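Structure file upload.pdb (PDB, C-alpha atoms, pLDDT in the B column) is printed below.
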ATOM      1  CA  MET A   1     -27.143   9.503   7.721  1.00 34.00           C
ATOM      2  CA  LEU A   2     -23.405   9.571   8.370  1.00 43.00           C
ATOM      3  CA  PHE A   3     -21.104   9.237   5.386  1.00 49.00           C
ATOM      4  CA  ALA A   4     -20.465   5.537   4.684  1.00 49.00           C
ATOM      5  CA  LYS A   5     -22.053   4.505   7.998  1.00 48.00           C
ATOM      6  CA  SER A   6     -24.470   1.988   6.518  1.00 47.00           C
ATOM      7  CA  LEU A   7     -22.158   0.421   3.947  1.00 50.00           C
ATOM      8  CA  LYS A   8     -22.677  -3.323   4.100  1.00 51.00           C
ATOM      9  CA  PRO A   9     -19.103  -4.674   4.077  1.00 45.00           C
ATOM     10  CA  ILE A  10     -18.592  -3.173   7.539  1.00 46.00           C
ATOM     11  CA  ASN A  11     -20.977  -5.829   8.803  1.00 47.00           C
ATOM     12  CA  GLN A  12     -18.572  -8.520   7.617  1.00 57.00           C
ATOM     13  CA  ILE A  13     -16.365  -7.705  10.596  1.00 68.00           C
ATOM     14  CA  PRO A  14     -17.808  -9.843  13.424  1.00 77.00           C
ATOM     15  CA  THR A  15     -18.852  -8.031  16.601  1.00 82.00           C
ATOM     16  CA  ASN A  16     -16.238  -9.862  18.682  1.00 85.00           C
ATOM     17  CA  ASN A  17     -13.452  -8.688  16.343  1.00 80.00           C
ATOM     18  CA  ARG A  18     -14.743  -5.110  16.354  1.00 80.00           C
ATOM     19  CA  ILE A  19     -14.825  -5.112  20.163  1.00 86.00           C
ATOM     20  CA  ALA A  20     -11.341  -6.644  20.268  1.00 86.00           C
ATOM     21  CA  ALA A  21     -10.103  -3.930  17.875  1.00 83.00           C
ATOM     22  CA  THR A  22     -11.507  -1.192  20.117  1.00 85.00           C
ATOM     23  CA  ILE A  23      -9.917  -2.670  23.249  1.00 89.00           C
ATOM     24  CA  ARG A  24      -6.644  -3.255  21.374  1.00 86.00           C
ATOM     25  CA  ARG A  25      -6.587   0.376  20.293  1.00 81.00           C
ATOM     26  CA  ALA A  26      -7.233   1.495  23.895  1.00 85.00           C
ATOM     27  CA  ILE A  27      -4.312  -0.653  25.096  1.00 85.00           C
ATOM     28  CA  PHE A  28      -2.016   0.655  22.374  1.00 81.00           C
ATOM     29  CA  THR A  29      -2.794   4.276  23.262  1.00 76.00           C
ATOM     30  CA  GLY A  30      -2.507   3.715  26.999  1.00 79.00           C
ATOM     31  CA  GLU A  31      -6.163   4.364  27.733  1.00 82.00           C
ATOM     32  CA  TYR A  32      -6.076   0.893  29.284  1.00 88.00           C
ATOM     33  CA  LYS A  33      -2.810   0.665  31.204  1.00 87.00           C
ATOM     34  CA  ALA A  34      -0.692  -2.382  32.078  1.00 88.00           C
ATOM     35  CA  GLY A  35      -2.148  -4.154  35.094  1.00 90.00           C
ATOM     36  CA  GLN A  36      -5.546  -2.460  34.799  1.00 92.00           C
ATOM     37  CA  LYS A  37      -8.546  -4.668  35.520  1.00 92.00           C
ATOM     38  CA  LEU A  38     -11.101  -5.287  32.785  1.00 91.00           C
ATOM     39  CA  THR A  39     -14.372  -6.677  34.116  1.00 89.00           C
ATOM     40  CA  LEU A  40     -17.247  -8.060  32.100  1.00 87.00           C
ATOM     41  CA  ASN A  41     -19.698  -5.706  33.777  1.00 87.00           C
ATOM     42  CA  GLU A  42     -17.657  -2.616  32.894  1.00 89.00           C
ATOM     43  CA  LEU A  43     -17.104  -3.804  29.330  1.00 90.00           C
ATOM     44  CA  GLU A  44     -20.814  -4.548  28.941  1.00 90.00           C
ATOM     45  CA  THR A  45     -21.548  -0.941  29.900  1.00 89.00           C
ATOM     46  CA  THR A  46     -18.984   0.288  27.384  1.00 87.00           C
ATOM     47  CA  PHE A  47     -20.168  -1.922  24.512  1.00 85.00           C
ATOM     48  CA  GLY A  48     -23.887  -2.038  25.160  1.00 82.00           C
ATOM     49  CA  GLY A  49     -24.353  -5.406  26.835  1.00 76.00           C
ATOM     50  CA  PHE A  50     -22.833  -7.745  24.224  1.00 79.00           C
ATOM     51  CA  ARG A  51     -21.669 -10.303  26.800  1.00 86.00           C
ATOM     52  CA  THR A  52     -20.940 -13.224  24.462  1.00 90.00           C
ATOM     53  CA  PRO A  53     -18.909 -11.273  21.874  1.00 90.00           C
ATOM     54  CA  ILE A  54     -17.111  -9.464  24.711  1.00 90.00           C
ATOM     55  CA  ARG A  55     -16.048 -12.818  26.128  1.00 89.00           C
ATOM     56  CA  GLU A  56     -14.908 -13.887  22.652  1.00 89.00           C
ATOM     57  CA  ALA A  57     -13.022 -10.608  22.197  1.00 89.00           C
ATOM     58  CA  LEU A  58     -11.194 -11.188  25.475  1.00 90.00           C
ATOM     59  CA  VAL A  59     -10.211 -14.677  24.315  1.00 88.00           C
ATOM     60  CA  ILE A  60      -8.793 -13.166  21.105  1.00 87.00           C
ATOM     61  CA  LEU A  61      -6.833 -10.532  23.043  1.00 90.00           C
ATOM     62  CA  GLU A  62      -5.563 -13.118  25.532  1.00 90.00           C
ATOM     63  CA  SER A  63      -4.314 -15.311  22.674  1.00 85.00           C
ATOM     64  CA  GLN A  64      -2.423 -12.275  21.328  1.00 85.00           C
ATOM     65  CA  GLY A  65      -0.788 -11.569  24.676  1.00 87.00           C
ATOM     66  CA  LEU A  66      -2.590  -8.271  25.237  1.00 89.00           C
ATOM     67  CA  ILE A  67      -4.540  -9.305  28.323  1.00 92.00           C
ATOM     68  CA  GLU A  68      -4.151 -11.914  31.040  1.00 90.00           C
ATOM     69  CA  HIS A  69      -7.058 -13.771  32.588  1.00 81.00           C
ATOM     70  CA  ALA A  70      -7.202 -13.305  36.343  1.00 69.00           C
ATOM     71  CA  HIS A  71     -10.302 -14.727  38.107  1.00 69.00           C
ATOM     72  CA  ASN A  72     -13.995 -14.110  38.718  1.00 67.00           C
ATOM     73  CA  ARG A  73     -14.623 -12.696  35.256  1.00 72.00           C
ATOM     74  CA  ILE A  74     -11.744 -10.265  35.619  1.00 84.00           C
ATOM     75  CA  SER A  75      -8.901  -9.823  33.156  1.00 90.00           C
ATOM     76  CA  ARG A  76      -5.838  -7.585  33.401  1.00 92.00           C
ATOM     77  CA  VAL A  77      -4.072  -5.629  30.686  1.00 92.00           C
ATOM     78  CA  ALA A  78      -0.673  -7.138  29.954  1.00 90.00           C
ATOM     79  CA  LYS A  79       2.477  -5.035  29.689  1.00 87.00           C
ATOM     80  CA  ILE A  80       3.538  -4.603  26.068  1.00 85.00           C
ATOM     81  CA  ASP A  81       6.415  -2.799  24.408  1.00 85.00           C
ATOM     82  CA  THR A  82       7.278  -1.388  21.002  1.00 87.00           C
ATOM     83  CA  LYS A  83       8.547  -4.764  19.769  1.00 89.00           C
ATOM     84  CA  PHE A  84       5.059  -6.157  20.346  1.00 87.00           C
ATOM     85  CA  ILE A  85       3.640  -3.296  18.250  1.00 86.00           C
ATOM     86  CA  ARG A  86       6.141  -3.846  15.444  1.00 91.00           C
ATOM     87  CA  ASP A  87       5.462  -7.586  15.397  1.00 91.00           C
ATOM     88  CA  THR A  88       1.696  -6.991  15.240  1.00 89.00           C
ATOM     89  CA  TYR A  89       2.016  -4.614  12.312  1.00 92.00           C
ATOM     90  CA  ASP A  90       4.435  -7.004  10.555  1.00 94.00           C
ATOM     91  CA  ILE A  91       1.706  -9.669  10.612  1.00 94.00           C
ATOM     92  CA  ARG A  92      -0.941  -7.216   9.440  1.00 93.00           C
ATOM     93  CA  GLU A  93       1.291  -6.131   6.549  1.00 96.00           C
ATOM     94  CA  ILE A  94       1.936  -9.716   5.439  1.00 97.00           C
ATOM     95  CA  LEU A  95      -1.773 -10.577   5.525  1.00 96.00           C
ATOM     96  CA  GLU A  96      -2.995  -7.424   3.778  1.00 97.00           C
ATOM     97  CA  ASP A  97      -0.266  -7.724   1.151  1.00 97.00           C
ATOM     98  CA  GLU A  98      -1.603 -11.196   0.384  1.00 97.00           C
ATOM     99  CA  ALA A  99      -5.154  -9.859   0.079  1.00 97.00           C
ATOM    100  CA  ILE A 100      -3.870  -7.217  -2.367  1.00 98.00           C
ATOM    101  CA  ARG A 101      -1.977  -9.865  -4.351  1.00 98.00           C
ATOM    102  CA  LYS A 102      -5.070 -12.029  -4.647  1.00 97.00           C
ATOM    103  CA  CYS A 103      -7.216  -9.097  -5.782  1.00 98.00           C
ATOM    104  CA  CYS A 104      -4.626  -8.047  -8.379  1.00 98.00           C
ATOM    105  CA  SER A 105      -4.770 -11.536  -9.885  1.00 97.00           C
ATOM    106  CA  LEU A 106      -8.543 -11.477 -10.302  1.00 96.00           C
ATOM    107  CA  PRO A 107      -9.937 -10.983 -13.820  1.00 95.00           C
ATOM    108  CA  ASP A 108     -13.250  -9.814 -12.354  1.00 94.00           C
ATOM    109  CA  PHE A 109     -12.397  -7.545  -9.405  1.00 96.00           C
ATOM    110  CA  GLN A 110     -15.492  -5.449  -8.687  1.00 95.00           C
ATOM    111  CA  ALA A 111     -14.192  -1.886  -8.483  1.00 95.00           C
ATOM    112  CA  ASP A 112     -17.322   0.186  -9.177  1.00 94.00           C
ATOM    113  CA  GLN A 113     -18.543   0.488  -5.595  1.00 90.00           C
ATOM    114  CA  LEU A 114     -15.087   1.318  -4.269  1.00 93.00           C
ATOM    115  CA  LEU A 115     -14.540   3.916  -6.992  1.00 95.00           C
ATOM    116  CA  LYS A 116     -17.822   5.612  -6.085  1.00 92.00           C
ATOM    117  CA  LEU A 117     -16.918   5.493  -2.409  1.00 92.00           C
ATOM    118  CA  GLN A 118     -13.488   6.934  -3.127  1.00 94.00           C
ATOM    119  CA  ASP A 119     -14.879   9.787  -5.225  1.00 94.00           C
ATOM    120  CA  SER A 120     -17.437  10.640  -2.538  1.00 93.00           C
ATOM    121  CA  ALA A 121     -14.891  10.472   0.282  1.00 94.00           C
ATOM    122  CA  GLU A 122     -12.417  12.746  -1.476  1.00 95.00           C
ATOM    123  CA  LYS A 123     -15.138  15.340  -2.057  1.00 94.00           C
ATOM    124  CA  ALA A 124     -16.461  15.121   1.521  1.00 94.00           C
ATOM    125  CA  VAL A 125     -13.171  14.908   3.434  1.00 93.00           C
ATOM    126  CA  GLU A 126     -13.219  18.477   4.754  1.00 93.00           C
ATOM    127  CA  SER A 127     -16.607  17.991   6.415  1.00 92.00           C
ATOM    128  CA  MET A 128     -16.276  14.361   7.551  1.00 89.00           C
ATOM    129  CA  SER A 129     -16.414  13.502  11.241  1.00 86.00           C
ATOM    130  CA  LEU A 130     -13.950  11.083  12.815  1.00 83.00           C
ATOM    131  CA  GLU A 131     -16.649   8.380  12.925  1.00 79.00           C
ATOM    132  CA  GLU A 132     -17.406   8.902   9.247  1.00 85.00           C
ATOM    133  CA  TYR A 133     -13.742   8.625   8.321  1.00 87.00           C
ATOM    134  CA  VAL A 134     -13.278   5.432  10.357  1.00 82.00           C
ATOM    135  CA  ASN A 135     -16.333   3.900   8.666  1.00 83.00           C
ATOM    136  CA  TYR A 136     -15.041   4.879   5.235  1.00 89.00           C
ATOM    137  CA  ASP A 137     -11.601   3.420   5.972  1.00 89.00           C
ATOM    138  CA  LEU A 138     -13.041   0.165   7.291  1.00 85.00           C
ATOM    139  CA  PHE A 139     -15.338  -0.159   4.280  1.00 88.00           C
ATOM    140  CA  PHE A 140     -12.436   0.352   1.881  1.00 93.00           C
ATOM    141  CA  HIS A 141     -10.156  -2.241   3.449  1.00 92.00           C
ATOM    142  CA  SER A 142     -12.844  -4.802   4.291  1.00 89.00           C
ATOM    143  CA  GLU A 143     -14.148  -4.788   0.726  1.00 92.00           C
ATOM    144  CA  ILE A 144     -10.654  -5.653  -0.539  1.00 95.00           C
ATOM    145  CA  TRP A 145     -10.409  -8.442   2.047  1.00 93.00           C
ATOM    146  CA  ARG A 146     -13.827  -9.737   0.948  1.00 92.00           C
ATOM    147  CA  GLN A 147     -12.878  -9.814  -2.702  1.00 95.00           C
ATOM    148  CA  ALA A 148      -9.670 -11.724  -1.913  1.00 95.00           C
ATOM    149  CA  ARG A 149     -12.108 -14.646  -1.437  1.00 93.00           C
ATOM    150  CA  ASN A 150     -10.319 -16.351   1.421  1.00 94.00           C
ATOM    151  CA  LYS A 151     -12.298 -16.584   4.654  1.00 90.00           C
ATOM    152  CA  LYS A 152      -9.288 -17.709   6.686  1.00 92.00           C
ATOM    153  CA  LEU A 153      -7.337 -14.690   5.486  1.00 93.00           C
ATOM    154  CA  ILE A 154     -10.180 -12.364   6.476  1.00 89.00           C
ATOM    155  CA  SER A 155     -10.374 -13.993   9.905  1.00 85.00           C
ATOM    156  CA  PHE A 156      -6.672 -13.472  10.574  1.00 88.00           C
ATOM    157  CA  ILE A 157      -6.643  -9.871   9.293  1.00 89.00           C
ATOM    158  CA  THR A 158      -9.580  -8.838  11.444  1.00 82.00           C
ATOM    159  CA  GLN A 159      -7.823 -10.223  14.505  1.00 79.00           C
ATOM    160  CA  VAL A 160      -4.950  -7.728  14.140  1.00 82.00           C
ATOM    161  CA  TRP A 161      -6.949  -4.810  12.762  1.00 80.00           C
ATOM    162  CA  ASN A 162      -7.219  -1.837  15.125  1.00 72.00           C
ATOM    163  CA  GLY A 163      -8.545   0.902  12.876  1.00 68.00           C
ATOM    164  CA  PRO A 164      -6.984   3.376  10.473  1.00 65.00           C
ATOM    165  CA  TYR A 165      -4.493   4.835  12.937  1.00 58.00           C
ATOM    166  CA  VAL A 166      -3.704   5.231  16.604  1.00 53.00           C
ATOM    167  CA  GLY A 167      -2.713   8.301  18.549  1.00 52.00           C
ATOM    168  CA  SER A 168      -5.524  10.799  18.156  1.00 54.00           C
ATOM    169  CA  ASP A 169      -9.268  11.013  18.602  1.00 55.00           C
ATOM    170  CA  GLU A 170      -9.550  14.275  16.673  1.00 60.00           C
ATOM    171  CA  LYS A 171     -10.074  15.209  13.047  1.00 75.00           C
ATOM    172  CA  GLU A 172      -6.843  15.155  11.060  1.00 86.00           C
ATOM    173  CA  VAL A 173      -7.909  16.202   7.594  1.00 90.00           C
ATOM    174  CA  ALA A 174      -4.379  16.451   6.165  1.00 91.00           C
ATOM    175  CA  LEU A 175      -3.663  12.872   7.288  1.00 91.00           C
ATOM    176  CA  TRP A 176      -6.992  11.685   5.908  1.00 93.00           C
ATOM    177  CA  LYS A 177      -6.186  13.215   2.522  1.00 94.00           C
ATOM    178  CA  THR A 178      -2.835  11.414   2.465  1.00 94.00           C
ATOM    179  CA  ALA A 179      -4.532   8.099   3.304  1.00 94.00           C
ATOM    180  CA  MET A 180      -7.178   8.682   0.626  1.00 96.00           C
ATOM    181  CA  LYS A 181      -4.438   9.252  -1.957  1.00 97.00           C
ATOM    182  CA  GLU A 182      -2.913   5.923  -0.908  1.00 97.00           C
ATOM    183  CA  HIS A 183      -6.333   4.261  -1.175  1.00 97.00           C
ATOM    184  CA  ARG A 184      -6.663   5.668  -4.686  1.00 98.00           C
ATOM    185  CA  ASP A 185      -3.242   4.216  -5.590  1.00 98.00           C
ATOM    186  CA  ILE A 186      -4.192   0.842  -4.083  1.00 98.00           C
ATOM    187  CA  LEU A 187      -7.391   0.754  -6.084  1.00 97.00           C
ATOM    188  CA  GLU A 188      -5.741   1.860  -9.325  1.00 97.00           C
ATOM    189  CA  GLY A 189      -3.033  -0.771  -8.803  1.00 98.00           C
ATOM    190  CA  ILE A 190      -5.583  -3.544  -8.327  1.00 98.00           C
ATOM    191  CA  ILE A 191      -7.578  -2.471 -11.393  1.00 97.00           C
ATOM    192  CA  ALA A 192      -4.365  -2.413 -13.482  1.00 98.00           C
ATOM    193  CA  HIS A 193      -3.213  -5.757 -11.985  1.00 98.00           C
ATOM    194  CA  ASP A 194      -0.148  -3.834 -10.744  1.00 98.00           C
ATOM    195  CA  THR A 195       0.608  -5.631  -7.479  1.00 98.00           C
ATOM    196  CA  GLU A 196       3.752  -3.608  -6.821  1.00 98.00           C
ATOM    197  CA  LYS A 197       1.938  -0.251  -6.985  1.00 98.00           C
ATOM    198  CA  ALA A 198      -0.953  -1.409  -4.806  1.00 98.00           C
ATOM    199  CA  GLN A 199       1.272  -3.032  -2.171  1.00 98.00           C
ATOM    200  CA  LEU A 200       3.623  -0.035  -2.046  1.00 98.00           C
ATOM    201  CA  ALA A 201       0.724   2.305  -1.254  1.00 98.00           C
ATOM    202  CA  LEU A 202      -0.648  -0.107   1.357  1.00 97.00           C
ATOM    203  CA  ASN A 203       2.725  -0.650   3.035  1.00 97.00           C
ATOM    204  CA  THR A 204       3.397   3.089   3.196  1.00 96.00           C
ATOM    205  CA  GLN A 205       0.091   3.515   5.012  1.00 94.00           C
ATOM    206  CA  ILE A 206       0.726   0.621   7.403  1.00 93.00           C
ATOM    207  CA  GLU A 207       4.222   1.893   8.214  1.00 94.00           C
ATOM    208  CA  ARG A 208       2.876   5.335   9.095  1.00 92.00           C
ATOM    209  CA  SER A 209       0.245   3.738  11.332  1.00 89.00           C
ATOM    210  CA  ARG A 210       2.929   1.601  12.978  1.00 89.00           C
ATOM    211  CA  GLU A 211       5.120   4.594  13.807  1.00 89.00           C
ATOM    212  CA  ARG A 212       2.181   6.617  15.135  1.00 86.00           C
ATOM    213  CA  THR A 213       1.210   3.706  17.374  1.00 83.00           C
ATOM    214  CA  ILE A 214       4.756   3.366  18.668  1.00 86.00           C
ATOM    215  CA  ARG A 215       4.937   7.075  19.467  1.00 84.00           C
ATOM    216  CA  ALA A 216       1.609   6.822  21.296  1.00 78.00           C
ATOM    217  CA  ILE A 217       2.679   3.857  23.404  1.00 77.00           C
ATOM    218  CA  GLN A 218       6.032   5.432  24.250  1.00 78.00           C
ATOM    219  CA  LYS A 219       4.139   8.294  25.868  1.00 74.00           C
ATOM    220  CA  THR A 220       2.084   6.014  28.083  1.00 66.00           C
ATOM    221  CA  LEU A 221       4.089   2.893  28.890  1.00 56.00           C
ATOM    222  CA  ASP A 222       7.277   2.624  30.905  1.00 52.00           C
ATOM    223  CA  GLY A 223      10.362   1.357  29.173  1.00 46.00           C
ATOM    224  CA  GLY A 224       9.110   1.756  25.586  1.00 44.00           C
ATOM    225  CA  THR A 225      11.894   2.257  23.073  1.00 44.00           C
ATOM    226  CA  ALA A 226      11.697   2.329  19.300  1.00 42.00           C
TER     227      ALA A 226
END
Structure rendered as structure tokens:
Amino acid sequence: MLFAKSLKPINQIPTNNRIAATIRRAIFTGEYKAGQKLTLNELETTFGGFRTPIREALVILESQGLIEHAHNRISRVAKIDTKFIRDTYDIREILEDEAIRKCCSLPDFQADQLLKLQDSAEKAVESMSLEEYVNYDLFFHSEIWRQARNKKLISFITQVWNGPYVGSDEKEVALWKTAMKEHRDILEGIIAHDTEKAQLALNTQIERSRERTIRAIQKTLDGGTA
């Protein structure tokens, strides 16, 4: 079994949001280019036939300005720029900061499972696959969102979530170790009710992800400037 693959909080992210996150990531990296057609049939092949959540994912992405509905079950990728990326990450930072703040105020934050996960991840990082790392990262963040105890907040966060980072589909162990250190600081901050420490670690991680995404889009989209 893959490391962290079966951890239950991952299932709290609805299928439509997970599909939207995958498409969003592909748009950000230029895998899906501005003007490219996205058909239901092609997306069903990619995502294993989940027609209803695919439709819902497209509605989410259209509401965010990432795709434009054309006709006959066809959508097109919208042209985006680095300002769009910065704005998206600004919203994500605000929402995740609030989740951190709520968790820091809890007298009964449940840290045991996350501490075990963190210990295991740090020991296994050298041998983890990309899929295992993504699952670990999603578990870590989604468990914090869950414990913030605000379903609306979770809904909004998952609509701008696009994974741990953008710009590479390869193992990056040094980067993973840096992110794990930030996760450790986030967790220690929450346990100590130290909102400033936890939010600083989170914001450092989000800012790095933002800049990596901007560099990726500048390589693939015309007219992108930081």
Padding 8 Å on each side, edges along x, y and z: where is the centre of the box around the listed atoms of region 127-137 of chain A, and how long are its edges in Å to one decimal? Output it as lines of an AutoDock Vina configuration file.
center_x = -14.5
center_y = 10.7
center_z = 9.1
size_x = 21.8
size_y = 30.6
size_z = 23.7
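The gap separating CA of Arg101 (chain A) from CA of Ala201 (chain A) is 12.8 Å, in Å to one decimal.
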Selection in question (the file shown): the PyMOL selection byres ((chain A and resi 183) around 9). Which residues does it include, as JSON, numbers by chain? {"A": [118, 137, 140, 141, 178, 179, 180, 181, 182, 184, 185, 186, 187, 188, 198, 201, 202, 205]}
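Selection result for the displayed file, with the PyMOL selection byres ((chain A and resi 89) around 10) as criterion, is Lys83, Phe84, Ile85, Arg86, Asp87, Thr88, Asp90, Ile91, Arg92, Glu93, Ile94, Leu95, Val160, Trp161, Ile206, Glu207, Ser209, Arg210, Glu211 and Thr213 of chain A.
Our summary of the geometry notes that CA of Ile214 (chain A) is positioned 13.5 Å from CA of Arg24 (chain A).
Residues matched by the PyMOL selection byres ((chain A and resi 30-44) around 7) in this file are Ala26, Ile27, Phe28, Thr29, Thr45, Thr46, Phe47, Gly48, Gly49, Phe50, Arg51, Arg73, Ile74, Ser75, Arg76, Val77, Ala78, Lys79, Ile217, Thr220 and Leu221 of chain A.
Counting all atoms listed in the file and comparing A:Leu175, A:Val125, A:Ala148, A:Ile23, the residue that lies closest to Cys103 (chain A) is A:Ala148.
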So how far away is CA of Leu153 (chain A) from CA of Glu62 (chain A), in Å? 20.2 Å
Using all atoms listed in the file, which protein or nucleic acid residues come within 10 Å of Ala121 (chain A)? Drop anything in the same chain fewer than 6 positions from it, and give the result as a VMD selection string. chain A and resid 3 to 4 115 127 to 128 132 to 133 136 to 137 176 to 177 180
